[in-house]
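Okay, structure first, notes after.
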Amino acid sequence: MKLATWNVNSLNVRLQQVLDWLAANPVDVLCIQELKLTDDKFPEAAFKEAGYHAVWAGQKTYNGVAIVSRMPGTSMVRNIPGYEDPQQRVLALTFPSPEGDVRVVCAYCPNGQSLDSDKYVYKLAWYEAMHKWLAEEIKQYPRLAVLGDYNIAPADEDVHNPEKWEGQVLVSEPERAALRALLDLGLTDSFRLFEQPEKSFSWWDYRQFAFRRNAGLRIDHVLLSAPLVKRCVACVIDKEPRRNEQPSDHAPVVATLEFA
DNA sequence: ATGGTCGCCATGCGA
């Protein structure tokens, strides 16, 4: 079972790239962030034609998430239950596996903008709500996978230039603590289960030839609960789509699970 | 020190 996450930065612009990527990388589940389109504009037919089911939570201009999958999922949840938020950032679905249900959460975590911004306050409050909800989810679903754009680089090794970035948004200690709190629920950053190339990143700014210089951050993650960690045999960042014409600023991250 | 690129949509704003 292959699970992937990709912030596409507008599905309108990136639809063909997503379809091409799925054709070359036939994953079972793809979590998409930053649709930047309303529900009525979601290209369901294109995914259906490619052999994928889809659920989505869209919004005008900003945010928006979708889960695209080979098999239809069940028990869909849209938004963090009990957390009032007009911003569409969360979708959850359950998929069958040989060992029982796998719960997949697709998350587009807030960016935060800067440490002195209201959006930073919102980011930390959002993470707290996420923490509270995931504490319940993992109880209900022992096989839990939380994929998405976390907008947090967990450690300095996930930052191309830690000295320059120190204390900035996306790497600040309160943000890292918020991410660690999710891990403390019993989730693992699957990327670090395996030996990885040095300077592995999942996002590169569009400016200043950041991708060419590999001036990036690793902010897109696949978190797995313990029963799924046992079945995880790989987690890779696919930099290939970042080389496309008109690329997303993020690369997909793919985790491979092998059930007994 | 400042702004640099995208995508939204038509202007600045968010990332």
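Numbering starts fresh at 1 for the residues of each chain in the structure tokens, the chains themselves are lettered A, B, ... in the order given, and ligands are numbered from 1 as they appear.
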
Chain B near chain A within 8 Å: what's each residue's closest atom pair and its distance in Å to one decimal, counting only C-alpha atoms (C1' of nucleotides), ordered by chain then ascending residue number, as a tab-separated table?
residue	atom	partner	partner_atom	distance
B:DG4	C1'	A:Arg207	CA	5.6
B:DT5	C1'	A:Arg207	CA	4.9
B:DC6	C1'	A:Tyr206	CA	6.7
B:DG7	C1'	A:Ser10	CA	7.1
B:DC8	C1'	A:Thr61	CA	5.4
B:DA15	C1'	A:Asn111	CA	7.3

Using C-alpha atoms (C1' of nucleotides), can you export the residues from the last selection as a PDB file, in the first residue's frame?
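Just written: selection_15.pdb:
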ATOM      1  C1'  DG B   4      13.114  38.370  -5.271  1.00  0.00           C
ATOM      2  C1'  DT B   5       8.169  34.292  -7.555  1.00  0.00           C
ATOM      3  C1'  DC B   6       4.040  32.240  -7.937  1.00  0.00           C
ATOM      4  C1'  DG B   7      -1.415  31.868  -7.905  1.00  0.00           C
ATOM      5  C1'  DC B   8      -5.345  33.969  -6.836  1.00  0.00           C
ATOM      6  C1'  DA B  15       2.840  31.298   0.751  1.00  0.00           C
TER       7       DA B  15
END

Checklist entry - Can you list, as number ranges by chain, every residue of region 17-154 of chain A that DSSP puts in helix (DSSP H, G or I)? => result A: 17-24, 39-41, 44-49, 118-140

Neighbour list for Asn214 (chain A) as a short mmCIF file (atom, residue, chain, number, x, y, z; two decimals) with N, CA, C and O atoms, in the first residue's frame, cut-off 8 Å, only C-alpha atoms (C1' of nucleotides), skip fewer than 5 positions in-chain:
data_model
loop_
_atom_site.label_atom_id
_atom_site.label_comp_id
_atom_site.auth_asym_id
_atom_site.auth_seq_id
_atom_site.Cartn_x
_atom_site.Cartn_y
_atom_site.Cartn_z
N HIS A 160 17.97 23.90 4.87
CA HIS A 160 19.20 24.02 4.07
C HIS A 160 20.22 24.92 4.73
O HIS A 160 21.42 24.73 4.57
N LYS A 199 20.65 16.60 3.06
CA LYS A 199 19.95 17.75 2.49
C LYS A 199 18.73 17.32 1.66
O LYS A 199 18.60 17.63 0.49
N PHE A 201 14.92 17.74 1.09
CA PHE A 201 13.88 18.74 1.34
C PHE A 201 12.64 18.42 0.51
O PHE A 201 12.72 17.67 -0.47
N TRP A 204 10.79 24.12 -1.89
CA TRP A 204 11.80 25.10 -2.29
C TRP A 204 11.06 26.35 -2.77
O TRP A 204 10.18 26.26 -3.64
#

Checklist entry - So which residues touch region 16-25 of chain A within 10 Å, counting only C-alpha atoms (C1' of nucleotides), skipping near sequence neighbours fewer than 4 positions away, as a list in words? => result Lys2, Ala4, Trp6, Val8, Leu11, Asn12, Val29, Leu30, Ile32, Ala46, Phe47, Glu49, Ala50, Gly51, Tyr52, Val68, Asp238, Glu240, Pro241, Asn244, Glu245, Gln246, Pro247, Ser248, Pro252 and Val254 of chain A

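The nearest approach to Asn151 (chain A) among the residues A:Ala178, A:Leu193, A:Leu170, A:Val121, with only C-alpha atoms taken into account, belongs to A:Leu170.
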
Checklist entry - What is the distance between CA of Arg218 (chain A) and CA of Ala153 (chain A), in Å to one decimal? => result 5.4 Å

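DSSP secondary structure from the backbone places Thr74, Ser75, Met76, Val77, Arg78, Val90, Leu91, Ala92, Leu93, Thr94, Phe95, Val102, Arg103, Val104, Val105, Cys106, Ala107 and Tyr108 of chain A of region 72-133 of chain A in strand (DSSP E).
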
Would you write out those residues with all heavy atoms, as a short mmCIF file (atom, residue, chain, number, x, y, z; two decimals), in the first residue's frame?
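Full text of selection-v6.cif as output:
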data_model
loop_
_atom_site.label_atom_id
_atom_site.label_comp_id
_atom_site.auth_asym_id
_atom_site.auth_seq_id
_atom_site.Cartn_x
_atom_site.Cartn_y
_atom_site.Cartn_z
N THR A 74 -14.06 5.26 3.39
CA THR A 74 -15.29 5.38 4.16
C THR A 74 -15.07 6.33 5.34
O THR A 74 -13.95 6.77 5.59
CB THR A 74 -15.73 4.00 4.71
OG1 THR A 74 -14.66 3.46 5.49
CG2 THR A 74 -16.07 3.05 3.58
N SER A 75 -16.16 6.61 6.05
CA SER A 75 -16.12 7.41 7.29
C SER A 75 -15.40 8.73 7.10
O SER A 75 -14.50 9.09 7.87
CB SER A 75 -15.45 6.62 8.44
OG SER A 75 -15.99 5.34 8.55
N MET A 76 -15.79 9.48 6.07
CA MET A 76 -15.12 10.73 5.79
C MET A 76 -15.39 11.77 6.89
O MET A 76 -16.51 11.94 7.33
CB MET A 76 -15.56 11.32 4.46
CG MET A 76 -14.85 12.64 4.18
SD MET A 76 -15.10 13.27 2.53
CE MET A 76 -16.62 14.17 2.71
N VAL A 77 -14.31 12.42 7.28
CA VAL A 77 -14.42 13.58 8.16
C VAL A 77 -13.81 14.77 7.43
O VAL A 77 -12.74 14.68 6.85
CB VAL A 77 -13.71 13.34 9.51
CG1 VAL A 77 -13.49 14.66 10.25
CG2 VAL A 77 -14.52 12.39 10.37
N ARG A 78 -14.53 15.90 7.47
CA ARG A 78 -14.07 17.13 6.85
C ARG A 78 -13.88 18.16 7.95
O ARG A 78 -14.80 18.39 8.73
CB ARG A 78 -15.12 17.59 5.83
CG ARG A 78 -14.78 18.86 5.09
CD ARG A 78 -15.84 19.13 4.00
NE ARG A 78 -15.61 20.45 3.42
CZ ARG A 78 -15.98 20.81 2.19
NH1 ARG A 78 -16.60 19.95 1.40
NH2 ARG A 78 -15.74 22.01 1.74
N VAL A 90 -8.44 19.98 6.35
CA VAL A 90 -8.38 18.61 6.85
C VAL A 90 -9.46 17.73 6.22
O VAL A 90 -10.62 18.11 6.14
CB VAL A 90 -8.54 18.58 8.40
CG1 VAL A 90 -8.69 17.16 8.90
CG2 VAL A 90 -7.37 19.27 9.07
N LEU A 91 -9.03 16.54 5.80
CA LEU A 91 -9.93 15.48 5.35
C LEU A 91 -9.42 14.16 5.91
O LEU A 91 -8.20 13.95 5.97
CB LEU A 91 -9.93 15.38 3.82
CG LEU A 91 -10.95 16.15 3.02
CD1 LEU A 91 -10.75 15.82 1.53
CD2 LEU A 91 -12.37 15.82 3.43
N ALA A 92 -10.33 13.28 6.28
CA ALA A 92 -9.93 11.96 6.74
C ALA A 92 -10.81 10.90 6.10
O ALA A 92 -12.01 11.13 5.88
CB ALA A 92 -10.02 11.87 8.25
N LEU A 93 -10.21 9.75 5.79
CA LEU A 93 -10.91 8.61 5.20
C LEU A 93 -10.31 7.32 5.73
O LEU A 93 -9.12 7.28 6.06
CB LEU A 93 -10.76 8.61 3.68
CG LEU A 93 -11.72 9.40 2.79
CD1 LEU A 93 -11.36 9.13 1.33
CD2 LEU A 93 -13.17 9.04 3.05
N THR A 94 -11.12 6.28 5.73
CA THR A 94 -10.66 4.96 6.15
C THR A 94 -10.58 4.03 4.95
O THR A 94 -11.49 4.01 4.12
CB THR A 94 -11.64 4.38 7.20
OG1 THR A 94 -11.72 5.30 8.30
CG2 THR A 94 -11.16 3.03 7.72
N PHE A 95 -9.47 3.28 4.87
CA PHE A 95 -9.29 2.31 3.78
C PHE A 95 -9.03 0.92 4.35
O PHE A 95 -8.39 0.79 5.40
CB PHE A 95 -8.10 2.73 2.90
CG PHE A 95 -8.31 4.03 2.21
CD1 PHE A 95 -7.83 5.21 2.75
CD2 PHE A 95 -9.04 4.08 1.02
CE1 PHE A 95 -8.04 6.44 2.11
CE2 PHE A 95 -9.25 5.30 0.38
CZ PHE A 95 -8.75 6.47 0.93
N VAL A 102 -7.13 1.15 7.77
CA VAL A 102 -6.08 2.18 7.85
C VAL A 102 -6.78 3.52 7.74
O VAL A 102 -7.49 3.80 6.76
CB VAL A 102 -5.04 2.01 6.73
CG1 VAL A 102 -4.06 3.18 6.72
CG2 VAL A 102 -4.30 0.68 6.87
N ARG A 103 -6.58 4.35 8.74
CA ARG A 103 -7.16 5.68 8.74
C ARG A 103 -6.15 6.66 8.14
O ARG A 103 -5.00 6.72 8.61
CB ARG A 103 -7.49 6.10 10.18
CG ARG A 103 -8.19 7.44 10.30
CD ARG A 103 -9.58 7.41 9.72
NE ARG A 103 -10.41 8.51 10.19
CZ ARG A 103 -11.62 8.78 9.68
NH1 ARG A 103 -12.11 8.03 8.68
NH2 ARG A 103 -12.33 9.78 10.16
N VAL A 104 -6.57 7.40 7.13
CA VAL A 104 -5.69 8.35 6.47
C VAL A 104 -6.21 9.76 6.70
O VAL A 104 -7.36 10.07 6.40
CB VAL A 104 -5.61 8.06 4.95
CG1 VAL A 104 -4.82 9.16 4.23
CG2 VAL A 104 -4.96 6.70 4.70
N VAL A 105 -5.37 10.61 7.25
CA VAL A 105 -5.70 12.02 7.45
C VAL A 105 -4.84 12.85 6.50
O VAL A 105 -3.62 12.68 6.45
CB VAL A 105 -5.45 12.46 8.91
CG1 VAL A 105 -5.69 13.96 9.07
CG2 VAL A 105 -6.34 11.66 9.86
N CYS A 106 -5.51 13.72 5.73
CA CYS A 106 -4.83 14.66 4.84
C CYS A 106 -4.91 16.04 5.48
O CYS A 106 -6.00 16.53 5.77
CB CYS A 106 -5.53 14.66 3.48
SG CYS A 106 -4.96 15.94 2.35
N ALA A 107 -3.75 16.65 5.71
CA ALA A 107 -3.72 17.92 6.44
C ALA A 107 -2.91 18.99 5.72
O ALA A 107 -1.79 18.74 5.27
CB ALA A 107 -3.14 17.70 7.84
N TYR A 108 -3.49 20.17 5.62
CA TYR A 108 -2.73 21.35 5.18
C TYR A 108 -2.62 22.29 6.37
O TYR A 108 -3.51 23.09 6.64
CB TYR A 108 -3.42 22.02 3.99
CG TYR A 108 -2.73 23.30 3.58
CD1 TYR A 108 -1.35 23.33 3.42
CD2 TYR A 108 -3.44 24.47 3.34
CE1 TYR A 108 -0.70 24.51 3.07
CE2 TYR A 108 -2.81 25.64 2.98
CZ TYR A 108 -1.43 25.65 2.86
OH TYR A 108 -0.79 26.82 2.51
#

Checklist entry - If we count only C-alpha atoms (C1' of nucleotides), what is near Val236 (chain A) at a cut-off of 12 Å, once residues fewer than 5 positions away on the same chain are taken out, given as JSON, numbers by chain? => result {"A": [2, 3, 4, 5, 189, 190, 191, 192, 193, 194, 195, 196, 197, 200, 201, 202, 218, 220, 221, 222, 251, 252, 253, 254, 255, 256]}

Keeping only N, CA and C atoms, write the selected residues to a file as a PDB file, in the first residue's frame.
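Resulting contents of part.pdb:
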ATOM      1  N   LYS A   2       0.703   2.052  -1.020  1.00  0.00           N
ATOM      2  CA  LYS A   2       1.508   3.272  -1.128  1.00  0.00           C
ATOM      3  C   LYS A   2       0.650   4.487  -0.796  1.00  0.00           C
ATOM      4  N   LEU A   3       1.156   5.293   0.143  1.00  0.00           N
ATOM      5  CA  LEU A   3       0.473   6.515   0.551  1.00  0.00           C
ATOM      6  C   LEU A   3       1.362   7.698   0.185  1.00  0.00           C
ATOM      7  N   ALA A   4       0.750   8.725  -0.402  1.00  0.00           N
ATOM      8  CA  ALA A   4       1.542   9.884  -0.825  1.00  0.00           C
ATOM      9  C   ALA A   4       0.868  11.179  -0.411  1.00  0.00           C
ATOM     10  N   THR A   5       1.687  12.221  -0.307  1.00  0.00           N
ATOM     11  CA  THR A   5       1.173  13.567  -0.049  1.00  0.00           C
ATOM     12  C   THR A   5       1.861  14.543  -0.980  1.00  0.00           C
ATOM     13  N   ASP A 189       7.727  10.077  12.288  1.00  0.00           N
ATOM     14  CA  ASP A 189       8.086  10.695  11.010  1.00  0.00           C
ATOM     15  C   ASP A 189       8.724   9.604  10.140  1.00  0.00           C
ATOM     16  N   SER A 190       7.928   9.041   9.217  1.00  0.00           N
ATOM     17  CA  SER A 190       8.376   7.828   8.511  1.00  0.00           C
ATOM     18  C   SER A 190       9.630   8.074   7.678  1.00  0.00           C
ATOM     19  N   PHE A 191       9.858   9.300   7.274  1.00  0.00           N
ATOM     20  CA  PHE A 191      11.045   9.614   6.458  1.00  0.00           C
ATOM     21  C   PHE A 191      12.320   9.245   7.201  1.00  0.00           C
ATOM     22  N   ARG A 192      12.335   9.451   8.497  1.00  0.00           N
ATOM     23  CA  ARG A 192      13.541   9.213   9.288  1.00  0.00           C
ATOM     24  C   ARG A 192      13.669   7.770   9.763  1.00  0.00           C
ATOM     25  N   LEU A 193      12.763   6.901   9.325  1.00  0.00           N
ATOM     26  CA  LEU A 193      12.932   5.471   9.598  1.00  0.00           C
ATOM     27  C   LEU A 193      14.053   4.899   8.742  1.00  0.00           C
ATOM     28  N   PHE A 194      14.407   5.630   7.687  1.00  0.00           N
ATOM     29  CA  PHE A 194      15.331   5.088   6.687  1.00  0.00           C
ATOM     30  C   PHE A 194      16.505   6.033   6.469  1.00  0.00           C
ATOM     31  N   GLU A 195      17.586   5.453   5.991  1.00  0.00           N
ATOM     32  CA  GLU A 195      18.712   6.286   5.597  1.00  0.00           C
ATOM     33  C   GLU A 195      18.267   7.144   4.422  1.00  0.00           C
ATOM     34  N   GLN A 196      18.626   8.417   4.464  1.00  0.00           N
ATOM     35  CA  GLN A 196      18.169   9.342   3.423  1.00  0.00           C
ATOM     36  C   GLN A 196      19.346  10.149   2.896  1.00  0.00           C
ATOM     37  N   PRO A 197      19.220  10.661   1.687  1.00  0.00           N
ATOM     38  CA  PRO A 197      20.265  11.545   1.192  1.00  0.00           C
ATOM     39  C   PRO A 197      20.400  12.757   2.107  1.00  0.00           C
ATOM     40  N   SER A 200      17.876  16.545   2.303  1.00  0.00           N
ATOM     41  CA  SER A 200      16.604  16.136   1.702  1.00  0.00           C
ATOM     42  C   SER A 200      15.532  17.149   2.085  1.00  0.00           C
ATOM     43  N   PHE A 201      14.922  17.745   1.087  1.00  0.00           N
ATOM     44  CA  PHE A 201      13.881  18.740   1.339  1.00  0.00           C
ATOM     45  C   PHE A 201      12.643  18.419   0.507  1.00  0.00           C
ATOM     46  N   SER A 202      11.509  19.020   0.895  1.00  0.00           N
ATOM     47  CA  SER A 202      10.257  18.768   0.160  1.00  0.00           C
ATOM     48  C   SER A 202       9.658  20.053  -0.394  1.00  0.00           C
ATOM     49  N   ARG A 218      12.351  20.666   4.652  1.00  0.00           N
ATOM     50  CA  ARG A 218      11.501  19.464   4.656  1.00  0.00           C
ATOM     51  C   ARG A 218      10.330  19.731   5.585  1.00  0.00           C
ATOM     52  N   ASP A 220       6.948  18.655   4.470  1.00  0.00           N
ATOM     53  CA  ASP A 220       5.853  17.734   4.108  1.00  0.00           C
ATOM     54  C   ASP A 220       6.197  16.361   4.678  1.00  0.00           C
ATOM     55  N   HIS A 221       5.267  15.805   5.437  1.00  0.00           N
ATOM     56  CA  HIS A 221       5.596  14.613   6.221  1.00  0.00           C
ATOM     57  C   HIS A 221       4.507  13.551   6.138  1.00  0.00           C
ATOM     58  N   VAL A 222       4.950  12.310   6.337  1.00  0.00           N
ATOM     59  CA  VAL A 222       4.038  11.178   6.496  1.00  0.00           C
ATOM     60  C   VAL A 222       4.267  10.623   7.893  1.00  0.00           C
ATOM     61  N   ALA A 251       7.406  19.052  -3.414  1.00  0.00           N
ATOM     62  CA  ALA A 251       7.557  17.730  -4.028  1.00  0.00           C
ATOM     63  C   ALA A 251       6.667  16.727  -3.294  1.00  0.00           C
ATOM     64  N   PRO A 252       6.234  15.678  -4.010  1.00  0.00           N
ATOM     65  CA  PRO A 252       5.472  14.620  -3.333  1.00  0.00           C
ATOM     66  C   PRO A 252       6.366  13.802  -2.392  1.00  0.00           C
ATOM     67  N   VAL A 253       5.749  13.276  -1.330  1.00  0.00           N
ATOM     68  CA  VAL A 253       6.415  12.343  -0.421  1.00  0.00           C
ATOM     69  C   VAL A 253       5.599  11.053  -0.438  1.00  0.00           C
ATOM     70  N   VAL A 254       6.284   9.917  -0.611  1.00  0.00           N
ATOM     71  CA  VAL A 254       5.608   8.631  -0.768  1.00  0.00           C
ATOM     72  C   VAL A 254       6.097   7.637   0.276  1.00  0.00           C
ATOM     73  N   ALA A 255       5.177   7.069   1.025  1.00  0.00           N
ATOM     74  CA  ALA A 255       5.501   6.005   1.986  1.00  0.00           C
ATOM     75  C   ALA A 255       4.932   4.686   1.483  1.00  0.00           C
ATOM     76  N   THR A 256       5.739   3.642   1.558  1.00  0.00           N
ATOM     77  CA  THR A 256       5.311   2.317   1.111  1.00  0.00           C
ATOM     78  C   THR A 256       5.120   1.398   2.310  1.00  0.00           C
TER      79      THR A 256
END

Checklist entry - Do you know which residues are at most 8 Å from region 138-142 of chain A counting only C-alpha atoms (C1' of nucleotides), after dropping those on the same chain fewer than 2 positions away, and could you put them as JSON, numbers by chain? => result {"A": [101, 102, 103, 134, 135, 136, 144, 185, 225, 226, 227]}

Item to check | Å distance separating CA of Val65 (chain A) from CA of Leu15 (chain A), one decimal place | outcome: 13.6 Å

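Proximity to Ala181 (chain A) was assessed for A:Glu128, A:Glu99, A:Asp40, A:Asp85 counting only C-alpha atoms; the smallest distance is recorded for A:Glu128.
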